[in-house]
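Enquirer: One structure, as structure tokens, below. Some questions next.
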Amino acid sequence: MKKQTYPKNAWYVAAMSEEVAGSKPLGRKICGESIAFYRSHGDEIAAVLDFCPHRGAALSLGYVEEGLLVCGYHGLKMGADGKTKEMPLQRVQGFPCMKSYAVEERYGFIWVWPGDQSKANKEDIPHLEWAVSPEWAYGGGLFHINCDYRLMIDNLMDLTHETYVHASSIGQKEIDESPVFTTVEGDKVLTSRYMENIMAPPFWKAALRGNGLADDVPVDRWQICRFSPPSHVMIDVGVAHAGHGGFDAANEYRAGSTVVDFITPETETSIWYFWGMARNFKPNDQALTDAIQEGQGKIFTEDLEVLERQQENLLAFPDYDLLKLDIDAGGVQARRIIDRIIAEEGAEQKTTTSSAQKSAPLQTISF
Amino acid sequence: MKKQTYPKNAWYVAAMSEEVAGSKPLGRKICGESIAFYRSHGDEIAAVLDFCPHRGAALSLGYVEEGLLVCGYHGLKMGADGKTKEMPLQRVQGFPCMKSYAVEERYGFIWVWPGDQSKANKEDIPHLEWAVSPEWAYGGGLFHINCDYRLMIDNLMDLTHETYVHASSIGQKEIDESPVFTTVEGDKVLTSRYMENIMAPPFWKAALRGNGLADDVPVDRWQICRFSPPSHVMIDVGVAHAGHGGFDAANEYRAGSTVVDFITPETETSIWYFWGMARNFKPNDQALTDAIQEGQGKIFTEDLEVLERQQENLLAFPDYDLLKLDIDAGGVQARRIIDRIIAEEGAEQKTTTSSAQKSAPLQTISF
Amino acid sequence: MKKQTYPKNAWYVAAMSEEVAGSKPLGRKICGESIAFYRSHGDEIAAVLDFCPHRGAALSLGYVEEGLLVCGYHGLKMGADGKTKEMPLQRVQGFPCMKSYAVEERYGFIWVWPGDQSKANKEDIPHLEWAVSPEWAYGGGLFHINCDYRLMIDNLMDLTHETYVHASSIGQKEIDESPVFTTVEGDKVLTSRYMENIMAPPFWKAALRGNGLADDVPVDRWQICRFSPPSHVMIDVGVAHAGHGGFDAANEYRAGSTVVDFITPETETSIWYFWGMARNFKPNDQALTDAIQEGQGKIFTEDLEVLERQQENLLAFPDYDLLKLDIDAGGVQARRIIDRIIAEEGAEQKTTTSSAQKSAPLQTISF
């Protein structure tokens, strides 16, 4: 059996809140688990295996009624705990309890823990200041990409590629002429690059104008990439008029934002990529938010073919030893942390689940 | 090797008569066998392996000439018995005899026996009264669906799903509030459900009107599903004004019909689904036939995604033990009969074909 | 492991010259090798493994700058010899040397040697008189077809199929009523067929008119198919007014041309098929060239479904022993030559590469 490449006992972003609306469930595969997300009593989010215990129908094709997920095939009513609550003319107490998932709606996203629910702790969902503060605005989107999620982490922890992949928007020659610095603190990796006294590329000129600043003067530019497990990458990016402190410049001299990346494995070789940008200038300017979102969407689309073809190449040469240069240090360190977490998870699993049913969709049988 | 999931020594519907017309053959895979169907001398239907003995071209890309199937690549002329009859400038006596199939055109369908031709008996093709009596009209169609044929048998032997999958047409809450009764007689399974003194759902209101009857009065409704091997399901359905005998009511009080389902495996996980409806009221009203056919086509389309997603789920959890509730008894009993027939077929094969060539497309070599 | 079905130490046509233009590389798989073709210094063609040694990106998504292939991901600059020449802020001397390929632009085509570069000899590229002489005109195109390349060789070495596959253009009954003659000389196979005193089919009537000749008189027609390894088939075809010498008739009585076929394996079951027609009458009549090219394109399209369905059939019956009739002799002899070449190549490889890395994309590591 192939070695699992992602931790399962971790919080992943599974959906944007608006994707699960009203009585319509959302079926989505996360870390190899087919999950039906739906809004239970009081709109609370719930997540169960997308598999009806009756005949295996996809529960996500059904609908929600009185807080229960009704199978659209024969009307079995599933509860958020994986237990069947009702079925017309049937006694359901003996029905097998299906797998349910720890799930939490927070910051406009639906977070899921695809592994062992008993280990899930909602406190571990990272705090996102930009999502709760009125000083910040956020816009983003979702892509499905056919690549190992770690290729996207590599991509985001080494922004050298902006010069090549995004040459006409955020790329500029000065990026790959500037060294990067990578540090590791516990489970976090930070890679940064600073470029001083350069001219801003088109995207950042527009951002300066968006913040009411001159765009034809030299700027200091920064890129500070922050990885945290399992696969979140937050990147502080921006420019400030040169000589006013760069990243630390006062708001009247700078246009900065945080690139938000939640990279969620669908399978070993495909991802749900939640991207966005949070900014703390002119947070109430919705037209600006829309313009940035559209621009970012176009720019990030440029990565898709690069990543999918890279994935094909790596599948064709599985034994090739990729180079690990200084610019790759962010991704390399992130992978080390991931590998350690997977190893710990595996060790833990071995000691606790030796007698459990591994491949069946059941959690427990309750009569 | 995977266990075969369908009997091969059985009569299956392979096509509607009009699909094999003029000099154009039809290539279709039935129970894993690639078959070229064509009209031989006197329009008689013939069926041979869709594989030219010369170079393996698909014979179904060719054409019929003087009762022979001409290969569209190099002109080999194949006979209905699998023997090459002619080829330009060639002596064909030594050409290998290819597999041919017992085939019969009856009731507007082309029936094929994909297994051992010597065991085929045309008397075993079921009698279809509605197809030969002037008191009946018939309309139907063909779907290709990616699911195990037994999932479609389950679907049709448990009409509870009408409440959910077909909520806006033939579904109604009273269906799944009424118990079903299942009986087995030899190789036949019968599942029935009767609902008394209810209001008819939209499809049946239209049928009542189609038969010149009031549609706003209470009715008695029936569903009587009849499975016969290998995979035919005929379902008596209908409504009658309440209190006039239901299924047994006189024609002036009822609108009834037989849902016709021939479920033919293409592969282990895909089917050719021939569906239709036969009715014995106003048989000469072609506009009514057309309206019913269109309505039924729309309704039956609603099953496709349900079945294909169910199939995906079952492939992902091959060991999950599906529940077998009272409503599932029809499908469960049908599968038992199928399993017994497959086992018998396998036992028979073992004793008779131990020395035969199993994977090659040849029947015999005749010089 | 499956036995390789094509020689790799051979010259194949990989592209038409115009497919690799300016600074844009072309990525194409040839004999299972993913290759990036690009124009290096002075427009000279170069070919390297389509795999960046840095992180495995597809080099063909990048661009050419100052004769080097720049990876579009992080800016690594690859040389035609597979060695990395530069990368921003990096010392590249220790980077692994990737596989590069012997490649040559000649006759309007790009030729590649997908195997061991050290064995490549540009003298072995066949001489194509029609491509260099002002007395000839040429037009052609490229198809991608999902079939074993040998099925296309069979197709072209037995033109009997014109009667059936191309019935309305170049086919006629007299073809398959005329015997073929096949001879082998060293590594070359020649199959010929002559038809005397017949009426020309539509395509050849048009060609006669194109050459200013009457099209309503009897003609002598010829088809002379010439196979040379690995998979080139040149076919002399044409008609001459009857009784003037046929193939040897003077130009004032004939319309002849050479069908050009370069059949390049992409994988074991797919090909790049370069087809065209060279003629030595009215070579400067571009409108005639265009008309012939369009006509040939339509005719050759008729082969696609035949070949792809034949391939599916042969995959379903891998052990079926195809018939080898006289008309098949050309393809049969060509396969014998191919088999011998593959066997020799395999034997050679065994003695020389026992210690080499077989699956990795590296040639050598040079520090």
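Chain labels follow the order of the structure tokens: the first chain is A, the next B, and so on; residue numbering restarts at 1 in every chain, and ligands are counted from 1 in their shown order.
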Identify every residue of chain C that has at least one atom within 7 Å of any atom of chain A, counting only C-alpha atoms, and report the result as a short mmCIF file (atom, residue, chain, number, x, y, z; two decimals) with C-alpha atoms, in the first residue's frame.

Expert:
```cif
data_model
loop_
_atom_site.label_atom_id
_atom_site.label_comp_id
_atom_site.auth_asym_id
_atom_site.auth_seq_id
_atom_site.Cartn_x
_atom_site.Cartn_y
_atom_site.Cartn_z
CA PHE C 51 11.89 17.89 -17.23
CA PRO C 53 16.38 19.27 -13.09
CA HIS C 54 15.40 21.76 -10.39
CA ARG C 55 11.84 20.71 -9.48
CA GLY C 56 10.59 18.64 -12.41
CA ALA C 57 8.64 21.35 -14.21
CA ALA C 58 7.93 20.87 -17.91
CA GLY C 72 9.06 28.97 -16.92
CA TYR C 73 8.84 28.10 -13.23
CA HIS C 74 12.00 29.39 -11.56
CA GLY C 75 14.21 30.53 -14.41
CA PRO C 88 19.55 33.31 -10.82
CA LEU C 89 21.73 33.46 -7.71
CA ALA C 360 15.99 8.18 -14.04
#
```

Enquirer: Would you kindly return, as an MDAnalysis selection string, each protein, DNA or RNA residue with an atom no farther than 6 Å from any atom of segment 23-25 of chain C, considering only C-alpha atoms and excluding same-chain residues fewer than 4 positions away?

Expert: chainID C and resid 37:38 60 63:64

Enquirer: Mind fitting chain C onto chain B over all Cα atoms in sequence order and sending the result as a tab-separated table (two decimals) with C-alpha atoms, in the first residue's frame?

Expert:
```
chain	number	residue	atom	x	y	z
C	1	MET	CA	-9.78	-13.10	-11.76
C	2	LYS	CA	-12.93	-11.27	-10.73
C	3	LYS	CA	-16.03	-13.36	-10.38
C	4	GLN	CA	-18.49	-12.85	-13.22
C	5	THR	CA	-21.56	-11.02	-12.00
C	6	TYR	CA	-24.07	-11.88	-14.72
C	7	PRO	CA	-25.23	-15.09	-16.37
C	8	LYS	CA	-24.09	-15.36	-19.99
C	9	ASN	CA	-26.34	-18.23	-20.96
C	10	ALA	CA	-29.49	-16.13	-21.02
C	11	TRP	CA	-31.54	-14.02	-23.37
C	12	TYR	CA	-30.86	-10.30	-23.09
C	13	VAL	CA	-32.33	-7.44	-25.04
C	14	ALA	CA	-29.44	-6.07	-27.10
C	15	ALA	CA	-31.15	-3.39	-29.16
C	16	MET	CA	-34.40	-1.94	-30.35
C	17	SER	CA	-35.25	-3.28	-33.81
C	18	GLU	CA	-34.90	0.10	-35.44
C	19	GLU	CA	-31.29	0.39	-34.27
C	20	VAL	CA	-30.18	-2.17	-36.85
C	21	ALA	CA	-31.44	-0.86	-40.16
C	22	GLY	CA	-30.60	-1.38	-43.82
C	23	SER	CA	-27.02	-2.26	-44.63
C	24	LYS	CA	-25.56	-0.61	-41.53
C	25	PRO	CA	-24.47	-2.94	-38.71
C	26	LEU	CA	-24.64	-2.05	-35.03
C	27	GLY	CA	-21.65	-2.64	-32.78
C	28	ARG	CA	-22.59	-3.09	-29.13
C	29	LYS	CA	-20.94	-4.74	-26.15
C	30	ILE	CA	-23.24	-7.13	-24.27
C	31	CYS	CA	-22.04	-8.96	-21.14
C	32	GLY	CA	-18.46	-8.12	-22.05
C	33	GLU	CA	-18.80	-9.47	-25.61
C	34	SER	CA	-18.24	-7.04	-28.48
C	35	ILE	CA	-20.92	-7.98	-30.95
C	36	ALA	CA	-21.72	-6.83	-34.49
C	37	PHE	CA	-25.46	-7.05	-35.16
C	38	TYR	CA	-26.63	-6.86	-38.75
C	39	ARG	CA	-29.48	-7.79	-41.07
C	40	SER	CA	-28.64	-10.81	-43.16
C	41	HIS	CA	-30.66	-12.39	-45.98
C	42	GLY	CA	-34.35	-11.44	-45.84
C	43	ASP	CA	-33.61	-8.90	-43.10
C	44	GLU	CA	-33.01	-11.70	-40.63
C	45	ILE	CA	-30.96	-10.53	-37.68
C	46	ALA	CA	-27.47	-11.93	-37.21
C	47	ALA	CA	-24.84	-11.44	-34.53
C	48	VAL	CA	-21.12	-12.20	-34.70
C	49	LEU	CA	-18.07	-11.24	-32.71
C	50	ASP	CA	-17.18	-7.68	-33.74
C	51	PHE	CA	-13.70	-8.76	-34.79
C	52	CYS	CA	-12.56	-9.51	-38.31
C	53	PRO	CA	-10.56	-12.77	-38.44
C	54	HIS	CA	-8.22	-11.17	-40.97
C	55	ARG	CA	-6.63	-8.30	-39.01
C	56	GLY	CA	-8.95	-7.66	-36.07
C	57	ALA	CA	-10.88	-4.73	-37.52
C	58	ALA	CA	-14.30	-3.96	-36.06
C	59	LEU	CA	-16.77	-5.58	-38.41
C	60	SER	CA	-19.47	-3.19	-37.26
C	61	LEU	CA	-17.69	-0.41	-39.17
C	62	GLY	CA	-18.42	-2.26	-42.41
C	63	TYR	CA	-21.65	-2.83	-44.33
C	64	VAL	CA	-23.99	-5.60	-45.40
C	65	GLU	CA	-23.97	-6.88	-48.95
C	66	GLU	CA	-26.06	-9.79	-50.21
C	67	GLY	CA	-26.70	-10.93	-46.68
C	68	LEU	CA	-23.05	-10.97	-45.66
C	69	LEU	CA	-21.24	-8.60	-43.34
C	70	VAL	CA	-18.44	-6.99	-45.33
C	71	CYS	CA	-15.43	-5.85	-43.32
C	72	GLY	CA	-14.89	-2.19	-44.07
C	73	TYR	CA	-11.12	-2.58	-43.99
C	74	HIS	CA	-10.18	-5.19	-46.59
C	75	GLY	CA	-13.47	-6.62	-47.78
C	76	LEU	CA	-13.66	-9.96	-45.97
C	77	LYS	CA	-17.26	-11.21	-46.09
C	78	MET	CA	-18.47	-12.73	-42.85
C	79	GLY	CA	-21.48	-15.03	-42.56
C	80	ALA	CA	-23.97	-15.19	-39.72
C	81	ASP	CA	-22.34	-18.42	-38.54
C	82	GLY	CA	-18.97	-16.73	-37.93
C	83	LYS	CA	-17.44	-18.30	-41.04
C	84	THR	CA	-15.75	-16.21	-43.68
C	85	LYS	CA	-17.62	-16.72	-46.96
C	86	GLU	CA	-15.49	-14.72	-49.38
C	87	MET	CA	-12.58	-12.37	-49.66
C	88	PRO	CA	-11.24	-10.87	-52.87
C	89	LEU	CA	-8.55	-13.08	-54.40
C	90	GLN	CA	-8.38	-15.24	-51.26
C	91	ARG	CA	-9.21	-18.86	-50.46
C	92	VAL	CA	-11.13	-18.54	-47.21
C	93	GLN	CA	-11.82	-22.16	-46.29
C	94	GLY	CA	-8.99	-22.21	-43.78
C	95	PHE	CA	-9.94	-18.99	-42.06
C	96	PRO	CA	-10.82	-19.48	-38.39
C	97	CYS	CA	-14.48	-19.60	-37.51
C	98	MET	CA	-15.30	-16.71	-35.25
C	99	LYS	CA	-17.79	-16.67	-32.42
C	100	SER	CA	-21.37	-16.09	-33.50
C	101	TYR	CA	-24.33	-15.62	-31.25
C	102	ALA	CA	-27.86	-16.94	-30.97
C	103	VAL	CA	-30.00	-13.95	-31.77
C	104	GLU	CA	-33.70	-13.36	-32.32
C	105	GLU	CA	-35.82	-10.40	-33.28
C	106	ARG	CA	-39.06	-10.37	-31.39
C	107	TYR	CA	-41.49	-7.79	-29.96
C	108	GLY	CA	-39.61	-4.91	-31.55
C	109	PHE	CA	-36.39	-5.90	-29.80
C	110	ILE	CA	-33.26	-7.82	-30.75
C	111	TRP	CA	-32.52	-10.54	-28.23
C	112	VAL	CA	-29.09	-12.06	-27.87
C	113	TRP	CA	-27.62	-15.01	-25.95
C	114	PRO	CA	-24.05	-13.92	-25.20
C	115	GLY	CA	-22.93	-17.29	-23.86
C	116	ASP	CA	-22.78	-20.76	-25.32
C	117	GLN	CA	-24.88	-20.75	-28.46
C	118	SER	CA	-25.59	-24.45	-28.27
C	119	LYS	CA	-27.55	-23.93	-25.06
C	120	ALA	CA	-29.79	-21.21	-26.49
C	121	ASN	CA	-33.45	-21.99	-26.92
C	122	LYS	CA	-35.68	-19.37	-28.49
C	123	GLU	CA	-38.64	-20.76	-26.57
C	124	ASP	CA	-37.11	-19.25	-23.46
C	125	ILE	CA	-37.60	-15.71	-24.64
C	126	PRO	CA	-40.45	-14.47	-22.44
C	127	HIS	CA	-43.87	-13.94	-23.95
C	128	LEU	CA	-44.82	-10.25	-23.96
C	129	GLU	CA	-48.55	-9.95	-24.44
C	130	TRP	CA	-48.47	-6.16	-24.61
C	131	ALA	CA	-46.11	-6.36	-27.58
C	132	VAL	CA	-48.43	-8.49	-29.69
C	133	SER	CA	-51.95	-7.50	-28.69
C	134	PRO	CA	-53.74	-4.65	-30.52
C	135	GLU	CA	-55.23	-3.62	-27.16
C	136	TRP	CA	-51.88	-2.35	-26.00
C	137	ALA	CA	-49.67	0.58	-27.01
C	138	TYR	CA	-45.96	0.86	-26.22
C	139	GLY	CA	-43.35	3.60	-26.14
C	140	GLY	CA	-39.85	3.50	-24.71
C	141	GLY	CA	-36.19	4.37	-24.98
C	142	LEU	CA	-32.62	3.40	-24.16
C	143	PHE	CA	-30.15	4.76	-21.61
C	144	HIS	CA	-26.50	3.90	-21.06
C	145	ILE	CA	-25.70	3.98	-17.34
C	146	ASN	CA	-22.45	3.35	-15.53
C	147	CYS	CA	-23.62	0.95	-12.85
C	148	ASP	CA	-23.77	-2.74	-12.07
C	149	TYR	CA	-26.99	-4.08	-13.61
C	150	ARG	CA	-28.07	-5.39	-10.23
C	151	LEU	CA	-28.27	-1.86	-8.85
C	152	MET	CA	-30.93	-1.17	-11.46
C	153	ILE	CA	-32.78	-4.35	-10.51
C	154	ASP	CA	-32.70	-3.20	-6.87
C	155	ASN	CA	-33.97	0.18	-8.00
C	156	LEU	CA	-36.94	-1.26	-9.83
C	157	MET	CA	-37.82	-3.91	-7.26
C	158	ASP	CA	-38.14	-1.23	-4.58
C	159	LEU	CA	-40.28	1.66	-5.75
C	160	THR	CA	-39.97	3.40	-2.40
C	161	HIS	CA	-37.45	5.56	-4.19
C	162	GLU	CA	-40.21	7.21	-6.25
C	163	THR	CA	-41.03	9.33	-3.22
C	164	TYR	CA	-37.52	10.77	-3.23
C	165	VAL	CA	-36.03	10.46	-6.69
C	166	HIS	CA	-39.24	11.23	-8.57
C	167	ALA	CA	-40.92	13.51	-6.05
C	168	SER	CA	-42.51	15.82	-8.59
C	169	SER	CA	-44.05	13.24	-10.92
C	170	ILE	CA	-44.83	9.76	-9.62
C	171	GLY	CA	-43.55	10.09	-6.07
C	172	GLN	CA	-45.81	10.70	-3.10
C	173	LYS	CA	-45.46	10.34	0.62
C	174	GLU	CA	-48.01	7.52	0.77
C	175	ILE	CA	-45.63	5.18	-1.05
C	176	ASP	CA	-43.08	4.84	1.67
C	177	GLU	CA	-45.77	4.82	4.30
C	178	SER	CA	-47.19	1.65	2.79
C	179	PRO	CA	-45.67	-1.75	3.37
C	180	VAL	CA	-44.43	-3.98	0.55
C	181	PHE	CA	-45.01	-7.68	0.09
C	182	THR	CA	-42.44	-9.89	-1.58
C	183	THR	CA	-42.92	-13.43	-2.79
C	184	VAL	CA	-40.73	-15.81	-4.75
C	185	GLU	CA	-42.09	-18.42	-7.14
C	186	GLY	CA	-39.38	-20.51	-8.74
C	187	ASP	CA	-37.16	-18.06	-10.58
C	188	LYS	CA	-39.59	-15.18	-10.33
C	189	VAL	CA	-39.83	-12.52	-7.68
C	190	LEU	CA	-42.90	-10.39	-7.09
C	191	THR	CA	-42.97	-7.31	-4.91
C	192	SER	CA	-46.20	-5.40	-4.51
C	193	ARG	CA	-47.54	-2.35	-2.76
C	194	TYR	CA	-51.11	-1.06	-2.63
C	195	MET	CA	-52.22	2.42	-1.54
C	196	GLU	CA	-55.90	3.06	-1.08
C	197	ASN	CA	-57.95	6.22	-1.15
C	198	ILE	CA	-55.16	8.66	-1.88
C	199	MET	CA	-54.82	11.54	-4.34
C	200	ALA	CA	-52.90	10.69	-7.51
C	201	PRO	CA	-49.53	12.36	-8.12
C	202	PRO	CA	-49.07	14.52	-11.27
C	203	PHE	CA	-48.04	11.75	-13.68
C	204	TRP	CA	-51.07	9.65	-12.79
C	205	LYS	CA	-53.45	12.60	-12.87
C	206	ALA	CA	-52.32	13.14	-16.44
C	207	ALA	CA	-52.84	9.44	-17.19
C	208	LEU	CA	-56.38	9.60	-15.77
C	209	ARG	CA	-57.13	12.59	-17.99
C	210	GLY	CA	-55.52	10.73	-20.89
C	211	ASN	CA	-58.06	7.98	-20.34
C	212	GLY	CA	-60.92	10.50	-20.06
C	213	LEU	CA	-61.30	10.15	-16.30
C	214	ALA	CA	-61.60	12.67	-13.50
C	215	ASP	CA	-58.23	13.37	-11.83
C	216	ASP	CA	-59.47	15.20	-8.74
C	217	VAL	CA	-61.01	12.30	-6.88
C	218	PRO	CA	-59.39	9.79	-4.53
C	219	VAL	CA	-57.82	6.76	-6.15
C	220	ASP	CA	-56.46	3.36	-5.27
C	221	ARG	CA	-52.88	2.98	-6.52
C	222	TRP	CA	-50.84	-0.17	-7.15
C	223	GLN	CA	-47.25	-1.14	-7.90
C	224	ILE	CA	-46.55	-4.78	-8.72
C	225	CYS	CA	-42.94	-5.46	-9.64
C	226	ARG	CA	-42.12	-8.74	-11.37
C	227	PHE	CA	-38.52	-9.84	-11.76
C	228	SER	CA	-37.54	-12.69	-14.05
C	229	PRO	CA	-33.98	-13.76	-14.87
C	230	PRO	CA	-31.60	-12.71	-16.04
C	231	SER	CA	-32.63	-9.09	-15.47
C	232	HIS	CA	-36.09	-8.26	-16.73
C	233	VAL	CA	-38.46	-6.29	-14.52
C	234	MET	CA	-42.07	-5.74	-15.57
C	235	ILE	CA	-44.05	-3.49	-13.27
C	236	ASP	CA	-47.81	-3.14	-13.22
C	237	VAL	CA	-48.55	0.38	-12.09
C	238	GLY	CA	-51.63	2.49	-12.10
C	239	VAL	CA	-54.53	4.10	-10.32
C	240	ALA	CA	-58.28	3.55	-10.31
C	241	HIS	CA	-61.00	5.70	-8.86
C	242	ALA	CA	-61.17	4.63	-5.24
C	243	GLY	CA	-63.41	1.75	-4.31
C	244	HIS	CA	-63.77	0.19	-7.74
C	245	GLY	CA	-61.36	-2.68	-7.24
C	246	GLY	CA	-57.97	-1.01	-7.70
C	247	PHE	CA	-55.76	-3.15	-9.94
C	248	ASP	CA	-58.84	-5.23	-10.77
C	249	ALA	CA	-61.10	-2.28	-11.55
C	250	ALA	CA	-62.88	-2.09	-14.89
C	251	ASN	CA	-61.20	0.00	-17.60
C	252	GLU	CA	-63.75	2.81	-17.20
C	253	TYR	CA	-62.40	3.52	-13.73
C	254	ARG	CA	-58.69	2.98	-14.14
C	255	ALA	CA	-55.51	4.13	-15.85
C	256	GLY	CA	-52.93	1.38	-15.66
C	257	SER	CA	-49.85	0.39	-17.49
C	258	THR	CA	-46.86	-1.91	-17.41
C	259	VAL	CA	-43.44	-0.39	-16.93
C	260	VAL	CA	-41.08	-2.40	-19.08
C	261	ASP	CA	-37.43	-2.74	-18.01
C	262	PHE	CA	-34.82	-4.78	-19.83
C	263	ILE	CA	-31.50	-4.31	-18.04
C	264	THR	CA	-28.61	-5.56	-20.10
C	265	PRO	CA	-25.08	-5.63	-18.71
C	266	GLU	CA	-22.53	-4.05	-20.99
C	267	THR	CA	-19.67	-4.66	-18.55
C	268	GLU	CA	-19.57	-5.45	-14.84
C	269	THR	CA	-20.22	-1.80	-14.09
C	270	SER	CA	-22.27	-0.49	-17.00
C	271	ILE	CA	-25.61	-1.27	-18.58
C	272	TRP	CA	-27.85	-0.74	-21.55
C	273	TYR	CA	-31.17	0.10	-19.98
C	274	PHE	CA	-34.20	-0.41	-22.19
C	275	TRP	CA	-37.16	1.26	-20.54
C	276	GLY	CA	-40.70	1.77	-21.70
C	277	MET	CA	-44.36	1.78	-20.82
C	278	ALA	CA	-47.12	-0.40	-22.23
C	279	ARG	CA	-50.75	0.58	-21.64
C	280	ASN	CA	-54.05	-1.02	-22.45
C	281	PHE	CA	-56.19	2.07	-22.69
C	282	LYS	CA	-56.57	4.26	-25.78
C	283	PRO	CA	-53.91	2.17	-27.55
C	284	ASN	CA	-54.35	4.02	-30.85
C	285	ASP	CA	-53.80	7.47	-29.39
C	286	GLN	CA	-50.28	8.10	-30.68
C	287	ALA	CA	-50.12	11.59	-29.17
C	288	LEU	CA	-50.80	10.04	-25.76
C	289	THR	CA	-48.08	7.42	-26.37
C	290	ASP	CA	-45.64	10.16	-27.27
C	291	ALA	CA	-46.57	12.25	-24.23
C	292	ILE	CA	-46.14	9.29	-21.87
C	293	GLN	CA	-42.82	8.34	-23.48
C	294	GLU	CA	-41.49	11.86	-23.07
C	295	GLY	CA	-42.69	12.05	-19.46
C	296	GLN	CA	-41.25	8.65	-18.58
C	297	GLY	CA	-37.93	9.56	-20.21
C	298	LYS	CA	-37.65	12.66	-18.04
C	299	ILE	CA	-38.59	10.77	-14.88
C	300	PHE	CA	-36.19	7.88	-15.50
C	301	THR	CA	-33.36	10.31	-16.20
C	302	GLU	CA	-33.58	11.27	-12.52
C	303	ASP	CA	-32.25	7.82	-11.57
C	304	LEU	CA	-28.99	8.10	-13.53
C	305	GLU	CA	-26.90	10.20	-11.16
C	306	VAL	CA	-28.23	8.32	-8.13
C	307	LEU	CA	-27.16	4.98	-9.61
C	308	GLU	CA	-23.79	6.12	-10.93
C	309	ARG	CA	-22.81	7.72	-7.62
C	310	GLN	CA	-24.03	4.65	-5.74
C	311	GLN	CA	-21.80	2.54	-8.01
C	312	GLU	CA	-18.79	4.76	-7.25
C	313	ASN	CA	-19.46	4.43	-3.54
C	314	LEU	CA	-19.71	0.65	-3.71
C	315	LEU	CA	-16.44	0.46	-5.66
C	316	ALA	CA	-14.82	2.56	-2.93
C	317	PHE	CA	-16.18	0.30	-0.17
C	318	PRO	CA	-16.37	-3.12	-1.80
C	319	ASP	CA	-16.67	-4.92	1.52
C	320	TYR	CA	-19.51	-2.90	2.98
C	321	ASP	CA	-22.46	-5.11	3.76
C	322	LEU	CA	-25.52	-3.36	2.37
C	323	LEU	CA	-28.59	-3.45	4.57
C	324	LYS	CA	-31.33	-5.84	3.56
C	325	LEU	CA	-34.59	-4.34	4.78
C	326	ASP	CA	-38.10	-5.48	3.94
C	327	ILE	CA	-38.25	-2.94	1.12
C	328	ASP	CA	-35.08	-4.49	-0.30
C	329	ALA	CA	-36.48	-7.99	-0.34
C	330	GLY	CA	-37.32	-7.88	-4.03
C	331	GLY	CA	-33.77	-7.05	-5.06
C	332	VAL	CA	-32.29	-9.39	-2.49
C	333	GLN	CA	-34.37	-12.32	-3.73
C	334	ALA	CA	-33.59	-11.48	-7.35
C	335	ARG	CA	-29.85	-11.51	-6.57
C	336	ARG	CA	-30.19	-14.90	-4.92
C	337	ILE	CA	-31.73	-16.30	-8.07
C	338	ILE	CA	-29.04	-14.65	-10.20
C	339	ASP	CA	-26.29	-16.02	-7.97
C	340	ARG	CA	-27.68	-19.51	-8.23
C	341	ILE	CA	-27.89	-19.28	-12.02
C	342	ILE	CA	-24.32	-18.00	-12.27
C	343	ALA	CA	-23.11	-20.78	-9.98
C	344	GLU	CA	-24.89	-23.39	-12.10
C	345	GLU	CA	-23.47	-21.88	-15.26
C	346	GLY	CA	-19.99	-21.91	-13.79
C	347	ALA	CA	-20.29	-25.51	-12.69
C	348	GLU	CA	-21.51	-26.49	-16.13
C	349	GLN	CA	-18.73	-24.63	-17.85
C	350	LYS	CA	-16.14	-26.30	-15.70
C	351	THR	CA	-17.23	-29.74	-16.75
C	352	THR	CA	-17.57	-28.97	-20.46
C	353	THR	CA	-14.91	-26.49	-21.50
C	354	SER	CA	-11.83	-27.52	-19.61
C	355	SER	CA	-9.90	-27.98	-22.83
C	356	ALA	CA	-11.36	-25.11	-24.82
C	357	GLN	CA	-9.64	-21.89	-25.67
C	358	LYS	CA	-11.17	-19.42	-23.25
C	359	SER	CA	-9.87	-16.02	-24.17
C	360	ALA	CA	-9.52	-16.29	-27.93
C	361	PRO	CA	-12.44	-15.20	-30.07
C	362	LEU	CA	-12.59	-18.48	-31.94
C	363	GLN	CA	-15.23	-21.11	-31.71
C	364	THR	CA	-13.68	-23.77	-33.86
C	365	ILE	CA	-11.14	-23.95	-36.60
C	366	SER	CA	-12.56	-25.47	-39.74
C	367	PHE	CA	-10.37	-26.24	-42.72
```
